[in-house]
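Participant: Take this structure, written in structure tokens, and hold onto it; I'll ask about it next.
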Amino acid sequence: MTRLSQYFLPTEKQPPADAEALSHKLLVRAGMIRQVGAGLWSWLPAGWRVHQKAVQIVREELDAIGAQEMLMPVLNPAELWQKSGRYDAIGGELFRLKDRRGADMVLAMTHEEVVTSHVAQVVRSYRDLPLILYHFQTKERDEPRPRAGVLRTREFIMKDSYTFDRDAAGLDVGYDKHREAYDRIFDRCGLEWYRVDSDVGMMGGTGAHEYMAPCPAGENDVALAPGYAANVEVASATPQPVELPEALDAPEEFSTPGATTIEAVATLAGVPAGALIKAYPIIVGEDELRLVLVRGDHKVNDIKLGNALGASFRPAHEAEFEDRIGPAGFIGPVGVSGVPILLDAALDGHSYIAGANKADAHLRGVDPARDFEFTQVDVRSVVAGDTVDGHEIRIEPAIEIGNIFKLGTRYSVPLGATYLDEDGQSHPIWMGSYGIGPARICAAAVEQFADEKGISWPRSLAPFDIHLVGLGKPGTDEAALADKLYDELRALGLDVIYDDREGGPGAKFADAELLGCPLRLTIGKRTIEAGEIEAQVRRGRETRSVPLEGAAEAAHELWKTLP
RNA sequence: CGGGGCGUGGCGCAGCCUGGUUAGCGCGCGUGCUUUGGGAGCACGAGGUCCCCGGUUCGAAUCCGGGCGCCCCGACCA
């Protein structure tokens, strides 16, 4: 049933008052999604068609690398999650509940536990490997802050796949297969996308990439340069040079009353912020004090720092460092003993200004190589204008639409997924996990291609191939022609939404452009008079005409050429 | 979890500060007539627990207290 007179497509002229993101506004206005609660959305018929198109593309490309589709439940016994350790490791994001008998249950936010438990039971031998399993299943996550319509929700469908291999080399093969499949998937979806290096996070894997679709509503920042793409969480780049004062034979104290900020000291000393050393005291683990140093114009990147430390940390309170280092606002590395120092690699000069570890004083002429002991690290956040291989990077917001992750034996060991090798030796299975959010693909497509009139779907995702607008009243020649064309287009295998409603042309054109199907055909009086049909290509809104004779075939051919 | 904002027919809003006829406006919806290639016109009409509970008051959408819901910024994001 794809006659608009009967189709459940509640379009709106005005976006919901509380919508901010473009995809949120347009998907609601176009009648594709409706909100049920915070982070909870229904997909209406047209929206669900788009979602299903994305799902099918993902399915085809995973099947093509030999992955096997299955289905695992959302409701899980807590025991599985206790075994993997995540029941305690994850905070409020995991929905926990009890069944009628009082047994602890969880709503799965992903399916490593379940799939690994199956593999643990079934796989005995190296002959059973490698193996790729996947499903499309609802994920439940009690997000602290759902936002932007369908971009970040508490319940959503995810494609998650899992590779099982005998060793790290095997994992690399399964990982590369996914990388290639993902590249094809996002190309087929018609999106602009990047594959970026990403943080392995608390899951502690051995490698990860994210697939990012750049757009203003994105929650992540991506650093991009020719041949380089990385999440800013992990990006590294060559810093912009900074002009340093002349080197001195030894650090020299000078008075800086009340100057506790980088800006104040830089102004006072008449040097750029980059000529200062910013000192950031942290507590690693329980109570181990360390001092992290970055250039004055740089910021410490907590994720990079966490990775460099290989441990969790927190900023130190003043009471924890003032005795061992100095008063807040005036701390620096010179003369500090018993506190390990981490020096960011961007501090490669020989004459910086640093705190003197006493109130109202700083030192100039500080040379890290000469004046204190340190371990060199890369823990700063890159900024636009830094370079990679001589190319300036830019930083763009992007939506994460997929990720691929080398898990290693993080789940196979606690859940007992092992195999016997040729010599009868038991080994843990090496795993990878790979996610894609079809809803985010839909939202990203809206964000990237919408114009002032509405959505412009890529052909591969559009809810319908052709939007047929009938302007004639029932009983007219135009109406009969539109009916006939509708049948002919469908006979060619095209998905057609047919606007057979009563009503003016303006409203119909507006709805067609809002809904965003790639090709619009209009049948009215003019059509018969002119002997040709108006065809509007949604992307760019360029109008063409198709001869009435053989119109369905001609429209089909035109459609095939569209983005 | 911190900060800010909002809650009034399906959608978007006004009214609230300064309590008082029947709670208004635009869009949408129904019926009829006219209109039909860019969100039509006229007429008539339907549709509301003013988020909930309690309080103040002769009288509460409006004032007070509590609660709930939703949005935005930040923190968080296996």
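Residues are named by chain letter and number: chains run A, B, ... in the order of the structure tokens, numbers start at 1 in each chain, and ligands are numbered from 1 in the order shown.
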Could you give me, as a tab-separated table, a per-residue list for chain B showing, wherever an atom lies at most 7 Å from an atom of chain A, the closest pair of atoms and their distance in Å to one decimal, using only C-alpha atoms (C1' of nucleotides) and sorting by chain then residue number from low to high?
Facilitator:
residue	atom	partner	partner_atom	distance
B:C11	C1'	A:Gln14	CA	6.7
B:G12	C1'	A:Gln14	CA	6.4
B:U36	C1'	A:Gly504	CA	5.7
B:G37	C1'	A:Pro505	CA	6.2
B:G38	C1'	A:Gly506	CA	4.0
B:G39	C1'	A:Ala507	CA	4.5
B:C71	C1'	A:Asp18	CA	5.2
B:C76	C1'	A:Pro144	CA	6.8
B:A78	C1'	A:Met203	CA	6.9
Participant: List the spatial neighbours of Gly338 (chain A) as an NGL selection string - criterion: any atom at most 10 Å away, only C-alpha atoms (C1' of nucleotides), same-chain residues fewer than 4 positions off excluded.
Facilitator: :A and (289-290 or 324-325)
Participant: With N, CA and C atoms retained, could you export that selection as a JSON list (two decimals), in the first residue's frame?
Facilitator:
[["chain", "number", "residue", "atom", "x", "y", "z"],
["A", 289, "LEU", "N", 51.40, 10.35, 43.23],
["A", 289, "LEU", "CA", 51.42, 11.69, 42.63],
["A", 289, "LEU", "C", 52.39, 11.75, 41.46],
["A", 290, "ARG", "N", 51.92, 12.32, 40.34],
["A", 290, "ARG", "CA", 52.82, 12.58, 39.22],
["A", 290, "ARG", "C", 52.52, 13.95, 38.66],
["A", 324, "ARG", "N", 54.47, 18.78, 48.38],
["A", 324, "ARG", "CA", 55.53, 18.07, 47.66],
["A", 324, "ARG", "C", 55.98, 18.82, 46.40],
["A", 325, "ILE", "N", 55.13, 19.72, 45.88],
["A", 325, "ILE", "CA", 55.52, 20.45, 44.67],
["A", 325, "ILE", "C", 55.53, 21.95, 44.96]]
Participant: I need the residue nearest C1 (chain B) from this list: A:Gly296, A:Gly92, A:Gly335, A:Pro428. Use only C-alpha atoms (C1' of nucleotides) for the distance.
Facilitator: A:Gly92
Participant: Can you tell me which residues surround Ala450 (chain A) at a distance of at most 12 Å, considering only C-alpha atoms (C1' of nucleotides), apart from same-chain residues fewer than 2 positions away, and format the answer as JSON, numbers by chain?
Facilitator: {"A": [21, 22, 23, 24, 25, 26, 27, 30, 215, 442, 443, 444, 445, 446, 447, 448, 452, 453, 454, 455, 456, 457, 458, 513, 514, 515, 516, 517, 518, 538, 539, 540, 541]}
Participant: What parts of region 400-506 of chain A does DSSP call strand (DSSP E)? I'd like the answer as number ranges by chain.
Facilitator: A: 400-408, 418-420, 426-428, 430-436, 466-470, 496-499
Participant: Looking only at the backbone, which of the residues in region 171-304 of chain A does DSSP tag as helix (DSSP H, G or I), as JSON, numbers by chain?
Facilitator: {"A": [171, 172, 173, 174, 175, 176, 177, 178, 179, 180, 181, 182, 183, 184, 185, 186, 187, 188, 201, 202, 203, 262, 263, 264, 265, 266, 267, 268, 269, 273, 274, 275, 302, 303, 304]}
Participant: Which residues are close to U56 (chain B), i.e. within 12 Å by only C-alpha atoms (C1' of nucleotides), leaving aside same-chain residues fewer than 6 positions away? Reply as a VMD selection string.
Facilitator: chain B and resid 19 63 to 65
Participant: Just the residues within 12 Å of Asp63 (chain A), please, counting only C-alpha atoms (C1' of nucleotides), with nothing from its chain fewer than 6 positions along; format it as a list of chain:residue names.
Facilitator: A:Gln56, A:Ile57, A:Glu69, A:Met70, A:Ile132, A:Leu133, A:Tyr134, A:His135, A:Ser161, A:Lys177, A:His178, A:Ala181, A:Ile185
Participant: Give me the residues within 12 Å of C53 (chain B) as a ChimeraX atom specification, counting only C-alpha atoms (C1' of nucleotides) and dropping any in the same chain fewer than 5 places off.
Facilitator: /B:65-68
Participant: A:Asp499, A:Glu253, A:Asp477, A:Glu180: which is nearest Tyr7 (chain A), counting only C-alpha atoms?
Facilitator: A:Asp499
Participant: Would you pick out the contacts of G45 (chain B) at 12 Å or less, using only C-alpha atoms (C1' of nucleotides), so that residues sharing its chain but fewer than 2 positions from it are not included, and give the list as an MDAnalysis selection string?
Facilitator: chainID B and resid 29:32 43 47
Participant: Could you save those same residues with C-alpha atoms (C1' of nucleotides) as a PDB file, in the first residue's frame?
Facilitator:
ATOM      1  C1'   C B  29      -8.833  18.159  10.907  1.00  0.00           C
ATOM      2  C1'   G B  30     -14.571  17.486   9.270  1.00  0.00           C
ATOM      3  C1'   U B  31     -18.761  19.174   5.898  1.00  0.00           C
ATOM      4  C1'   G B  32     -20.304  22.180   1.617  1.00  0.00           C
ATOM      5  C1'   A B  43     -18.894  29.517   5.124  1.00  0.00           C
ATOM      6  C1'   G B  47     -11.548  18.964  19.055  1.00  0.00           C
TER       7        G B  47
END
Participant: For a quick check of understanding, using only C-alpha atoms, which of A:Gln6, A:Thr387, A:Thr409, A:Ser381 has the smallest distance to Pro239 (chain A)?
Facilitator: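 Among the listed residues, A:Thr387 lies closest to Pro239 (chain A).
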Participant: With only C-alpha atoms as the atoms that count, which of A:Gly390, A:Gln240, A:Ala462, A:Thr2 lies nearest to Pro563 (chain A)?
Facilitator: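 Using only C-alpha atoms, the shortest distance to Pro563 (chain A) belongs to A:Ala462.
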